[in-house]
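Quick look at run38.cif (mmCIF, C-alpha atoms):
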```
data_input
#
loop_
_atom_site.label_atom_id
_atom_site.label_comp_id
_atom_site.auth_asym_id
_atom_site.auth_seq_id
_atom_site.Cartn_x
_atom_site.Cartn_y
_atom_site.Cartn_z
CA MET A 114 -41.47 29.33 -21.38
CA LEU A 115 -41.54 26.02 -23.20
CA SER A 116 -44.53 23.97 -24.31
CA LEU A 117 -44.27 20.20 -24.46
CA GLY A 118 -46.42 17.73 -26.34
CA SER A 119 -46.45 14.04 -27.24
CA ASN A 120 -48.95 11.79 -28.95
CA LEU A 121 -46.93 8.69 -29.88
CA GLY A 122 -45.43 5.96 -27.74
CA ASP A 123 -44.76 6.59 -24.06
CA ARG A 124 -46.31 10.05 -24.08
CA LEU A 125 -45.70 10.80 -20.39
CA GLY A 126 -42.20 9.37 -20.58
CA PHE A 127 -41.34 11.64 -23.50
CA LEU A 128 -42.63 14.71 -21.64
CA GLN A 129 -40.49 13.67 -18.68
CA LEU A 130 -37.48 13.30 -20.99
CA ALA A 131 -37.97 16.93 -22.08
CA LEU A 132 -38.14 18.11 -18.46
CA ASP A 133 -35.02 16.16 -17.59
CA ALA A 134 -33.26 17.92 -20.50
CA VAL A 135 -33.91 21.37 -18.98
CA ARG A 136 -32.88 20.61 -15.40
CA PRO A 137 -31.60 22.34 -13.29
CA ALA A 138 -33.05 25.38 -15.08
CA LEU A 139 -36.61 24.17 -14.45
CA VAL A 140 -38.57 26.67 -12.35
CA VAL A 141 -42.09 25.22 -12.51
CA VAL A 142 -44.06 22.75 -14.60
CA SER A 143 -47.81 22.63 -15.18
CA SER A 144 -50.12 19.71 -14.70
CA VAL A 145 -50.38 17.28 -17.60
CA TYR A 146 -53.32 17.83 -19.95
CA GLU A 147 -54.77 15.66 -22.68
CA THR A 148 -55.86 17.45 -25.83
CA LYS A 149 -57.17 16.71 -29.29
CA ALA A 150 -54.68 17.07 -32.11
CA TRP A 151 -54.46 20.47 -33.77
CA GLY A 152 -53.77 21.01 -37.47
CA VAL A 153 -53.92 17.39 -38.64
CA GLU A 154 -56.80 16.04 -36.57
CA ASP A 155 -56.72 12.37 -37.64
CA GLN A 156 -54.14 11.26 -35.07
CA PRO A 157 -53.95 10.23 -31.40
CA ASP A 158 -54.62 12.72 -28.60
CA PHE A 159 -51.69 14.63 -27.14
CA LEU A 160 -50.39 14.91 -23.64
CA ASN A 161 -49.35 18.53 -23.11
CA ALA A 162 -47.62 20.54 -20.42
CA VAL A 163 -45.73 23.80 -20.19
CA CYS A 164 -42.74 24.74 -18.09
CA VAL A 165 -40.94 27.87 -17.05
CA VAL A 166 -37.16 27.67 -17.24
CA ASP A 167 -34.49 30.11 -16.16
CA ASP A 168 -30.81 29.95 -17.00
CA PRO A 169 -28.97 33.24 -17.63
CA ALA A 170 -26.32 31.30 -19.58
CA ARG A 171 -28.87 30.21 -22.24
CA ASP A 172 -30.37 32.51 -24.82
CA HIS A 173 -33.36 31.73 -27.03
CA TRP A 174 -31.16 29.83 -29.50
CA ALA A 175 -29.77 27.64 -26.72
CA TRP A 176 -33.33 26.82 -25.60
CA LEU A 177 -34.22 25.89 -29.19
CA ARG A 178 -31.20 23.58 -29.41
CA THR A 179 -32.04 22.04 -26.02
CA GLY A 180 -35.59 21.32 -27.19
CA GLN A 181 -34.39 19.89 -30.50
CA ALA A 182 -31.92 17.61 -28.69
CA ALA A 183 -34.73 16.31 -26.47
CA GLU A 184 -36.91 15.69 -29.55
CA GLN A 185 -34.05 13.79 -31.19
CA ALA A 186 -33.50 11.72 -28.03
CA ALA A 187 -37.22 10.83 -28.16
CA GLY A 188 -36.82 9.60 -31.73
CA ARG A 189 -38.93 12.33 -33.30
CA VAL A 190 -39.34 12.03 -37.05
CA ARG A 191 -40.62 15.04 -38.99
CA GLU A 192 -42.74 13.61 -41.79
CA LEU A 193 -45.90 15.71 -41.76
CA ARG A 194 -46.38 19.27 -40.52
CA TRP A 195 -48.59 19.13 -37.41
CA GLY A 196 -48.50 15.35 -37.68
CA PRO A 197 -48.05 12.79 -34.91
CA ARG A 198 -44.84 12.97 -32.92
CA THR A 199 -43.08 11.36 -30.00
CA LEU A 200 -42.09 14.76 -28.62
CA ASP A 201 -42.62 18.38 -29.56
CA VAL A 202 -40.80 21.09 -27.61
CA ASP A 203 -41.71 24.63 -28.60
CA VAL A 204 -39.93 27.72 -27.34
CA VAL A 205 -42.91 29.98 -26.63
CA THR A 206 -41.20 33.03 -25.20
CA VAL A 207 -37.81 33.91 -23.74
CA ASP A 208 -37.52 37.04 -21.58
CA GLY A 209 -39.54 39.18 -23.98
CA VAL A 210 -37.21 38.42 -26.93
CA THR A 211 -38.79 38.74 -30.35
CA SER A 212 -37.45 36.95 -33.40
CA ALA A 213 -38.57 36.90 -37.03
CA ASP A 214 -36.00 34.26 -37.95
CA PRO A 215 -37.88 31.44 -39.74
CA GLU A 216 -36.01 28.87 -37.62
CA LEU A 217 -37.19 30.47 -34.37
CA LEU A 218 -40.19 32.78 -34.44
CA LEU A 219 -40.69 34.45 -31.05
CA PRO A 220 -43.03 34.61 -29.44
CA HIS A 221 -44.21 31.30 -30.87
CA PRO A 222 -46.78 32.33 -33.49
CA GLY A 223 -49.44 29.73 -32.65
CA THR A 224 -49.63 30.53 -28.95
CA PRO A 225 -52.54 33.01 -28.93
CA ASP A 226 -54.73 30.45 -30.74
CA ARG A 227 -53.88 27.32 -28.76
CA ALA A 228 -55.81 26.50 -25.63
CA SER A 229 -53.48 23.51 -25.25
CA VAL A 230 -50.71 25.99 -24.38
CA LEU A 231 -52.75 28.75 -22.72
CA VAL A 232 -54.63 26.54 -20.22
CA PRO A 233 -51.52 25.01 -18.62
CA TRP A 234 -49.66 28.33 -18.80
CA VAL A 235 -52.41 30.18 -16.94
CA GLU A 236 -52.24 27.42 -14.31
CA ILE A 237 -48.60 28.16 -13.46
CA GLU A 238 -48.27 31.86 -14.41
CA PRO A 239 -51.72 33.46 -14.35
CA ALA A 240 -50.33 36.99 -14.72
CA ALA A 241 -47.99 36.16 -17.64
CA VAL A 242 -48.00 38.34 -20.72
CA LEU A 243 -47.29 37.11 -24.24
CA PRO A 244 -45.17 39.85 -25.87
CA GLY A 245 -47.12 41.64 -28.59
CA HIS A 246 -50.38 39.91 -27.63
CA GLY A 247 -51.16 40.81 -24.03
CA PRO A 248 -52.06 38.89 -20.88
CA ILE A 249 -52.39 35.16 -21.46
CA ALA A 250 -55.49 35.07 -19.25
CA ASP A 251 -57.16 37.46 -21.73
CA LEU A 252 -56.00 35.36 -24.69
CA LEU A 253 -57.46 32.27 -23.05
CA ALA A 254 -60.75 34.06 -22.28
CA ALA A 255 -61.00 34.94 -25.99
CA ARG A 256 -60.80 31.28 -27.07
CA PRO A 257 -64.11 29.52 -27.79
CA ALA A 258 -65.45 27.72 -24.70
CA ASP A 259 -65.86 24.43 -26.60
CA GLU A 260 -62.17 24.56 -27.57
CA VAL A 261 -61.04 25.27 -24.00
CA ALA A 262 -63.22 22.39 -22.75
CA THR A 263 -61.21 19.94 -24.89
CA VAL A 264 -58.08 20.64 -22.80
CA ARG A 265 -58.57 18.06 -20.06
CA ARG A 266 -56.38 18.00 -16.95
CA THR A 267 -55.18 14.47 -16.18
CA ASP A 268 -54.10 12.73 -12.98
CA LEU A 269 -50.66 12.15 -14.51
CA ALA A 270 -47.71 14.00 -13.04
CA LEU A 271 -44.28 15.08 -14.15
CA ARG A 272 -41.43 15.39 -11.69
#
```

Encoding of this model in structure tokens:
Amino acid sequence: MLSLGSNLGDRLGFLQLALDAVRPALVVVSSVYETKAWGVEDQPDFLNAVCVVDDPARDHWAWLRTGQAAEQAAGRVRELRWGPRTLDVDVVTVDGVTSADPELLLPHPGTPDRASVLVPWVEIEPAAVLPGHGPIADLLAARPADEVATVRRTDLALR
């Protein structure tokens, strides 16, 4: 499962670019949500979505490289950790694989604490389980209600 985010430029266009990069492995994509920035809060709001992908020929490293290539195509510049970005593609989980490699921590370490990932994920896979953490519906229920309320579903659509 991949999470997608953008808060600079053509936000929806950059999310679409990421989806186009994972075709034809795309299984399902969530609605598009608008969320407040996390980490560094003095920046524009994000558009976020998550998608489930499936391609037996790609392992977790291949998904990381695919996401990084999409970020590069979107002109992402890494200047500030958790800062504004044209596109952010995070590999959240891949077939229950765990990794302690600093380049690719799996499952993605911020997932249990981010309503911006959990809300769209529950939308498309309500019974999903985050390895080592439990059902994502339970993780979402444990988030503060005021935080969850800031994840606003939009009328925008990805194809």

**Request:** May I ask for the distance between atom CA of Ala241 of chain A and atom CA of Glu154 of chain A, given in Å to one decimal place?
**Result:**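 Separating atom CA of Ala241 of chain A from atom CA of Glu154 of chain A is a distance of 29.0 Å.
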
**Request:** Could you tell me which of A:Asn161, A:Ser143, A:Gln181, A:Thr148 comes closest to Val261 of chain A if we count all atoms listed in the file?
**Result:**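 With all atoms listed in the file as the atom set, the closest residue is A:Thr148.
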
**Prompt:** What is the atom CA of Ala258 of chain A to atom CA of Val235 of chain A distance in Å?
**Reply:**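 Result for atom CA of Ala258 of chain A versus atom CA of Val235 of chain A: 15.4 Å, one decimal.
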
**Asked** Neighbours of Thr224 of chain A within 9 Å (only C-alpha atoms; same-chain residues fewer than 6 positions away dropped), as a PyMOL selection string?
**Response** chain A and resi 205+230-231+243

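The result of the PyMOL selection byres ((chain A and resi 265) around 12) on the shown file is Ser144, Val145, Tyr146, Glu147, Thr148, Lys149, Asp158, Phe159, Leu160, Asn161, Ala162, Ala228, Ser229, Val230, Val232, Pro233, Asp259, Glu260, Val261, Ala262, Thr263, Val264, Arg266, Thr267, Asp268 and Leu269 of chain A.
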
**Asked** If you apply the PyMOL selection byres ((chain A and resi 125) around 9) to this file, what residues do you get, as number ranges by chain?
**Response** A: 119, 122-124, 126-130, 145, 160-161, 269-271

**Message:** Would you pick out the contacts of Pro220 of chain A at 9 Å or less, using only C-alpha atoms, so that residues sharing its chain but fewer than 2 positions from it are not included, and give the list as a PyMOL selection string?
**Reply:** chain A and resi 204-207+209-212+217-218+222-224+243-245

**Prompt:** For Leu139 of chain A, which residue out of A:Glu238, A:Glu184, A:Asp226, A:Asp168 is the nearest one, using all atoms listed in the file?
**Reply:** A:Asp168

Exercise on segment 156-164 of chain A, axis-aligned box with 6 Å per side, report centre and edge lengths in Å to one decimal, as JSON:
```
{"center_x": -48.7, "center_y": 17.5, "center_z": -26.6, "size_x": 23.9, "size_y": 26.5, "size_z": 29.0}
```

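Going from atom CA of Ser116 of chain A to atom CA of Asp203 of chain A covers 5.2 Å.
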
**Asked** Which residue, A:Val163, A:Asp208, A:Trp234, A:Arg272, has the smallest gap to Leu252 of chain A when you use all atoms listed in the file?
**Response** A:Trp234

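Closest approach to Ala150 of chain A among A:Gly180, A:Gly188, A:Pro197, A:Pro137 is made by A:Pro197 (distances from all atoms listed in the file).
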
**Message:** Expand the PyMOL selection byres ((chain A and resi 141) around 8) into the explicit residue set it covers here, and present it as a VMD selection string.
**Reply:** chain A and resid 139 to 140 142 to 143 164 to 166 237

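Nearest to Leu219 of chain A of all the residues A:Leu200, A:Ala255, A:Leu115, A:Leu132 is A:Leu115, based on all atoms listed in the file.
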
**Request:** Using all atoms listed in the file, pick whichever of A:Arg171, A:Arg198, A:His246, A:Arg256 has the shortest atom-to-atom distance to Pro157 of chain A.
**Result:**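 Among A:Arg171, A:Arg198, A:His246, A:Arg256, it is A:Arg198 that comes nearest to Pro157 of chain A.
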